[in-house]
Amino acid sequence: MADNRPIGVFDSGLGGLTVVKELVKQLGNENIVYFGDTDRVPYGTKSNETIKKFARQDEAFLLSKDVKLIVAACGTVSSVAGDTADELPVPFIEVVSHACKAAVNATKNGKIGVIGTSATINSDEHRKQILSLSPESQVICQSCTLFVPLVESGWIDENDVVVYETVKKYLAPMIEAGVDTLILGCTHYPILSSAIKKVMGENVSLINAGTATAQAVKELLESQGMLSTNTQKGKISYFVSDITPSFSSIASLLLGQDVSENKVTQVDINSL
Ligand code: DGL
């Protein structure tokens with residue numbers, strides 16, 4: 001059995017591309033349809049009701065592209081709108097549970113930090129899941145509200161004083177608590193990983209949810225007989241709700257391929 005339909009991936013903006021990058025590494029022949037809601041980003045400062053409404057529209061768009069599976073490549077949607085998946089006719093993969101498992105496996109001192117958007121941190125979902133896997137763990141959580149606007153504006157250079165000082169200020173509680181493992185609980189944050197590494201030091205493990213999530217996608221497709229039989233390199237189709245210059249430049253940088261503006265299609269997501 002095989003399923004040659006594309007994998008659907010969505011996020012509020014650029015962040016989900018960090019998951020796409022891992023999917024390409026692990027499932028290079030699969031076609032991917034990516035939707036980034038660049039017009040309505042950030043999600044993480046919105047109410048849970050609004051995030052759920054956005055998630056349903058994003059999922060409806062991907063279903064209109066006949067995807068075989070939907071990945072919510074967004075920590076915020078995964079934390080507060082996972083139940084929108086109950087209405088879907090295709091399998092759904094989120095990013096929180098896989099990151100929590102990876103963190104519990106990685107920590108040596110049991111002190112795990114979690115950074116994410118306000119909505120993600122307020123949901124306390126990471127803490128609940130980590131403690132259910134490992135009740136002895138100490139979980140230190142911090143919302144980093146300015147990280148998403150930094151990334152969406154293309155401010156990602158660790159040598160830039162604004163980027164470095166912003167990251168340092170938000171991560172101070174993690175250093176103070178002595179975490180040895182830090183979950184990047186928002187998929188935008190791996191794009192800032194050089195700055196995060198510079199602040200946290202080489203000995204702290206950074207958990208990028210994309211790696212474990214791509215593994216979960218692979219296992220699901222394998223177990224359901226839904227892998228593609230495509231023998232070529234998979235194609236990625238990019239859709240956004242607003243064509244911003246940073247989307248194309250950061251996507252090209254991150255994925256190591258040309259994602260110029262004429263390869264990105266604009267979608268009227270509010271009409272769905
Ligand atoms: N990448 C999204 C996440 O993982 C960012 C959310 C936002 O737009 O605030 O949470």
# chains A, B, ... in the order shown; residues from 1 in each chain; ligands from 1
>>> residues_around(residues="stretch 43-55 of chain A", least_positions_apart="2", cutoff="6 Å", atoms="only C-alpha atoms", output="PyMOL selection string")
chain A and resi 41+57-58+76+81+117-119
>>> select_by_dssp(residues="stretch 60-159 of chain A", states="strand (DSSP E)", output="ChimeraX atom specification")
/A:69-72,92-93,111-116,138-143
>>> write_last_selection(atoms="N, CA and C atoms", output="short mmCIF file (atom, residue, chain, number, x, y, z; two decimals), in the first residue's frame")
data_model
loop_
_atom_site.label_atom_id
_atom_site.label_comp_id
_atom_site.auth_asym_id
_atom_site.auth_seq_id
_atom_site.Cartn_x
_atom_site.Cartn_y
_atom_site.Cartn_z
N LEU A 69 -2.06 13.74 5.55
CA LEU A 69 -1.78 13.86 6.98
C LEU A 69 -1.52 15.33 7.26
N ILE A 70 -1.89 15.80 8.45
CA ILE A 70 -1.65 17.20 8.78
C ILE A 70 -0.70 17.29 9.98
N VAL A 71 0.34 18.11 9.82
CA VAL A 71 1.27 18.37 10.93
C VAL A 71 1.03 19.80 11.40
N ALA A 72 0.63 19.94 12.68
CA ALA A 72 0.54 21.28 13.27
C ALA A 72 1.96 21.61 13.72
N PHE A 92 -3.35 13.33 12.32
CA PHE A 92 -2.85 14.64 12.76
C PHE A 92 -1.65 14.41 13.67
N ILE A 93 -0.61 15.20 13.48
CA ILE A 93 0.58 15.09 14.35
C ILE A 93 0.88 16.48 14.91
N LYS A 111 16.52 18.74 35.32
CA LYS A 111 16.02 20.13 35.26
C LYS A 111 15.80 20.50 33.79
N ILE A 112 14.53 20.62 33.42
CA ILE A 112 14.18 20.86 32.01
C ILE A 112 13.55 22.24 31.88
N GLY A 113 14.07 23.05 30.98
CA GLY A 113 13.49 24.35 30.70
C GLY A 113 12.56 24.26 29.50
N VAL A 114 11.53 25.08 29.51
CA VAL A 114 10.61 25.14 28.37
C VAL A 114 10.43 26.60 28.01
N ILE A 115 10.70 26.95 26.75
CA ILE A 115 10.38 28.31 26.30
C ILE A 115 9.36 28.21 25.18
N GLY A 116 8.45 29.18 25.15
CA GLY A 116 7.39 29.15 24.13
C GLY A 116 6.65 30.47 24.11
N GLN A 138 12.16 18.63 37.33
CA GLN A 138 11.85 20.02 37.69
C GLN A 138 11.67 20.75 36.35
N VAL A 139 10.55 21.43 36.18
CA VAL A 139 10.27 22.07 34.88
C VAL A 139 10.19 23.59 35.07
N ILE A 140 11.02 24.31 34.33
CA ILE A 140 11.06 25.77 34.46
C ILE A 140 10.56 26.35 33.13
N CYS A 141 9.48 27.13 33.19
CA CYS A 141 8.84 27.61 31.96
C CYS A 141 8.98 29.12 31.81
N GLN A 142 9.12 29.57 30.59
CA GLN A 142 9.28 31.01 30.34
C GLN A 142 8.71 31.35 28.96
N SER A 143 7.80 32.32 28.91
CA SER A 143 7.34 32.77 27.58
C SER A 143 8.33 33.82 27.06
#
>>> closest_residue(among="A:Val104, A:Cys186, A:Val167, A:Ala73", to="ligand 1", atoms="only C-alpha atoms and all ligand atoms")
A:Cys186
>>> select_by_dssp(residues="stretch 139-231 of chain A", states="alpha helix (DSSP H)", output="number ranges by chain")
A: 147-152, 161-177, 193-200, 209-223
>>> write_last_selection(atoms="N, CA and C atoms", output="short mmCIF file (atom, residue, chain, number, x, y, z; two decimals), in the first residue's frame")
data_model
loop_
_atom_site.label_atom_id
_atom_site.label_comp_id
_atom_site.auth_asym_id
_atom_site.auth_seq_id
_atom_site.Cartn_x
_atom_site.Cartn_y
_atom_site.Cartn_z
N PHE A 147 10.44 36.77 20.66
CA PHE A 147 11.22 35.92 19.74
C PHE A 147 10.55 35.79 18.36
N VAL A 148 9.21 35.59 18.36
CA VAL A 148 8.53 35.40 17.07
C VAL A 148 8.64 36.66 16.19
N PRO A 149 8.34 37.87 16.74
CA PRO A 149 8.54 39.06 15.89
C PRO A 149 9.99 39.23 15.42
N LEU A 150 10.96 38.86 16.25
CA LEU A 150 12.36 38.95 15.81
C LEU A 150 12.58 38.08 14.58
N VAL A 151 12.12 36.83 14.67
CA VAL A 151 12.34 35.89 13.56
C VAL A 151 11.58 36.35 12.31
N GLU A 152 10.32 36.74 12.50
CA GLU A 152 9.51 37.14 11.33
C GLU A 152 10.07 38.39 10.67
N VAL A 161 23.40 42.91 18.55
CA VAL A 161 23.27 43.18 19.98
C VAL A 161 21.81 43.10 20.45
N VAL A 162 20.88 43.50 19.60
CA VAL A 162 19.46 43.44 19.99
C VAL A 162 19.03 41.98 20.14
N VAL A 163 19.42 41.16 19.17
CA VAL A 163 19.05 39.74 19.22
C VAL A 163 19.68 39.09 20.47
N TYR A 164 20.98 39.30 20.66
CA TYR A 164 21.69 38.64 21.76
C TYR A 164 21.13 39.08 23.12
N GLU A 165 20.96 40.38 23.30
CA GLU A 165 20.49 40.88 24.60
C GLU A 165 19.05 40.44 24.89
N THR A 166 18.22 40.38 23.83
CA THR A 166 16.82 39.94 24.03
C THR A 166 16.81 38.47 24.48
N VAL A 167 17.59 37.66 23.79
CA VAL A 167 17.64 36.24 24.14
C VAL A 167 18.19 36.06 25.56
N LYS A 168 19.24 36.82 25.88
CA LYS A 168 19.87 36.71 27.20
C LYS A 168 18.88 37.05 28.32
N LYS A 169 18.12 38.11 28.09
CA LYS A 169 17.17 38.54 29.13
C LYS A 169 16.09 37.47 29.37
N TYR A 170 15.54 36.94 28.28
CA TYR A 170 14.48 35.92 28.45
C TYR A 170 15.01 34.62 29.07
N LEU A 171 16.28 34.30 28.77
CA LEU A 171 16.79 33.00 29.23
C LEU A 171 17.45 33.04 30.61
N ALA A 172 17.53 34.23 31.20
CA ALA A 172 18.18 34.35 32.51
C ALA A 172 17.61 33.36 33.55
N PRO A 173 16.28 33.17 33.62
CA PRO A 173 15.76 32.22 34.62
C PRO A 173 16.22 30.78 34.37
N MET A 174 16.48 30.45 33.12
CA MET A 174 16.93 29.07 32.78
C MET A 174 18.36 28.85 33.29
N ILE A 175 19.17 29.89 33.12
CA ILE A 175 20.56 29.77 33.57
C ILE A 175 20.58 29.72 35.10
N GLU A 176 19.78 30.56 35.70
CA GLU A 176 19.71 30.60 37.17
C GLU A 176 19.26 29.25 37.74
N ALA A 177 18.32 28.60 37.06
CA ALA A 177 17.80 27.32 37.56
C ALA A 177 18.75 26.15 37.25
N SER A 193 18.54 29.49 17.17
CA SER A 193 19.31 28.58 18.02
C SER A 193 20.77 29.00 18.20
N SER A 194 21.36 29.71 17.23
CA SER A 194 22.76 30.16 17.44
C SER A 194 22.81 31.12 18.62
N ALA A 195 21.87 32.04 18.67
CA ALA A 195 21.85 33.00 19.79
C ALA A 195 21.52 32.29 21.10
N ILE A 196 20.59 31.35 21.04
CA ILE A 196 20.19 30.62 22.26
C ILE A 196 21.39 29.79 22.79
N LYS A 197 22.10 29.17 21.86
CA LYS A 197 23.29 28.38 22.23
C LYS A 197 24.36 29.27 22.85
N LYS A 198 24.53 30.44 22.24
CA LYS A 198 25.56 31.37 22.73
C LYS A 198 25.25 31.78 24.18
N VAL A 199 23.98 31.96 24.49
CA VAL A 199 23.59 32.36 25.84
C VAL A 199 23.64 31.17 26.81
N MET A 200 23.12 30.03 26.38
CA MET A 200 23.00 28.88 27.30
C MET A 200 24.31 28.10 27.46
N ALA A 209 11.73 20.53 18.39
CA ALA A 209 10.60 19.60 18.24
C ALA A 209 10.53 19.00 16.84
N GLY A 210 11.09 19.69 15.86
CA GLY A 210 11.01 19.22 14.48
C GLY A 210 11.61 17.84 14.28
N THR A 211 12.73 17.58 14.94
CA THR A 211 13.43 16.30 14.74
C THR A 211 12.54 15.13 15.18
N ALA A 212 12.03 15.24 16.41
CA ALA A 212 11.21 14.15 16.95
C ALA A 212 9.86 14.07 16.22
N THR A 213 9.35 15.21 15.80
CA THR A 213 8.05 15.22 15.11
C THR A 213 8.18 14.54 13.74
N ALA A 214 9.26 14.84 13.03
CA ALA A 214 9.46 14.22 11.72
C ALA A 214 9.58 12.70 11.87
N GLN A 215 10.24 12.26 12.94
CA GLN A 215 10.36 10.83 13.22
C GLN A 215 8.96 10.23 13.43
N ALA A 216 8.11 10.96 14.19
CA ALA A 216 6.75 10.47 14.45
C ALA A 216 5.94 10.39 13.15
N VAL A 217 6.15 11.35 12.27
CA VAL A 217 5.44 11.33 10.97
C VAL A 217 5.87 10.09 10.19
N LYS A 218 7.18 9.85 10.20
CA LYS A 218 7.72 8.70 9.45
C LYS A 218 7.13 7.39 9.99
N GLU A 219 7.12 7.27 11.32
CA GLU A 219 6.60 6.03 11.92
C GLU A 219 5.12 5.84 11.60
N LEU A 220 4.36 6.94 11.64
CA LEU A 220 2.93 6.82 11.36
C LEU A 220 2.69 6.39 9.91
N LEU A 221 3.39 7.05 8.99
CA LEU A 221 3.20 6.70 7.57
C LEU A 221 3.61 5.25 7.30
N GLU A 222 4.71 4.85 7.94
CA GLU A 222 5.17 3.45 7.76
C GLU A 222 4.12 2.48 8.29
N SER A 223 3.66 2.75 9.52
CA SER A 223 2.75 1.78 10.16
C SER A 223 1.39 1.72 9.45
#
>>> closest_residue(among="A:Thr84, A:Thr120, A:Thr229, A:Gln224", to="ligand 1", atoms="only C-alpha atoms and all ligand atoms")
A:Thr120
>>> atom_distance(atom1="atom CA of A:Val204", atom2="atom CA of A:Val20")
24.2 Å
>>> residues_around(residues="A:Ser12", least_positions_apart="4", cutoff="8 Å", atoms="only C-alpha atoms", output="ChimeraX atom specification")
/A:16,36-38,40-43,74
>>> closest_residue(among="A:Tyr34, A:Phe239, A:Trp155, A:Phe10", to="A:Lys263", atoms="only C-alpha atoms")
A:Phe239
>>> atom_distance(atom1="atom CA of A:Asn109", atom2="atom CA of A:Asp180")
6.7 Å
>>> residues_around(residues="stretch 249-261 of chain A", least_positions_apart="5", cutoff="9 Å", atoms="only C-alpha atoms", output="PyMOL selection string")
chain A and resi 14+17-18+20-21+24+151-152+154+191+238+243-244
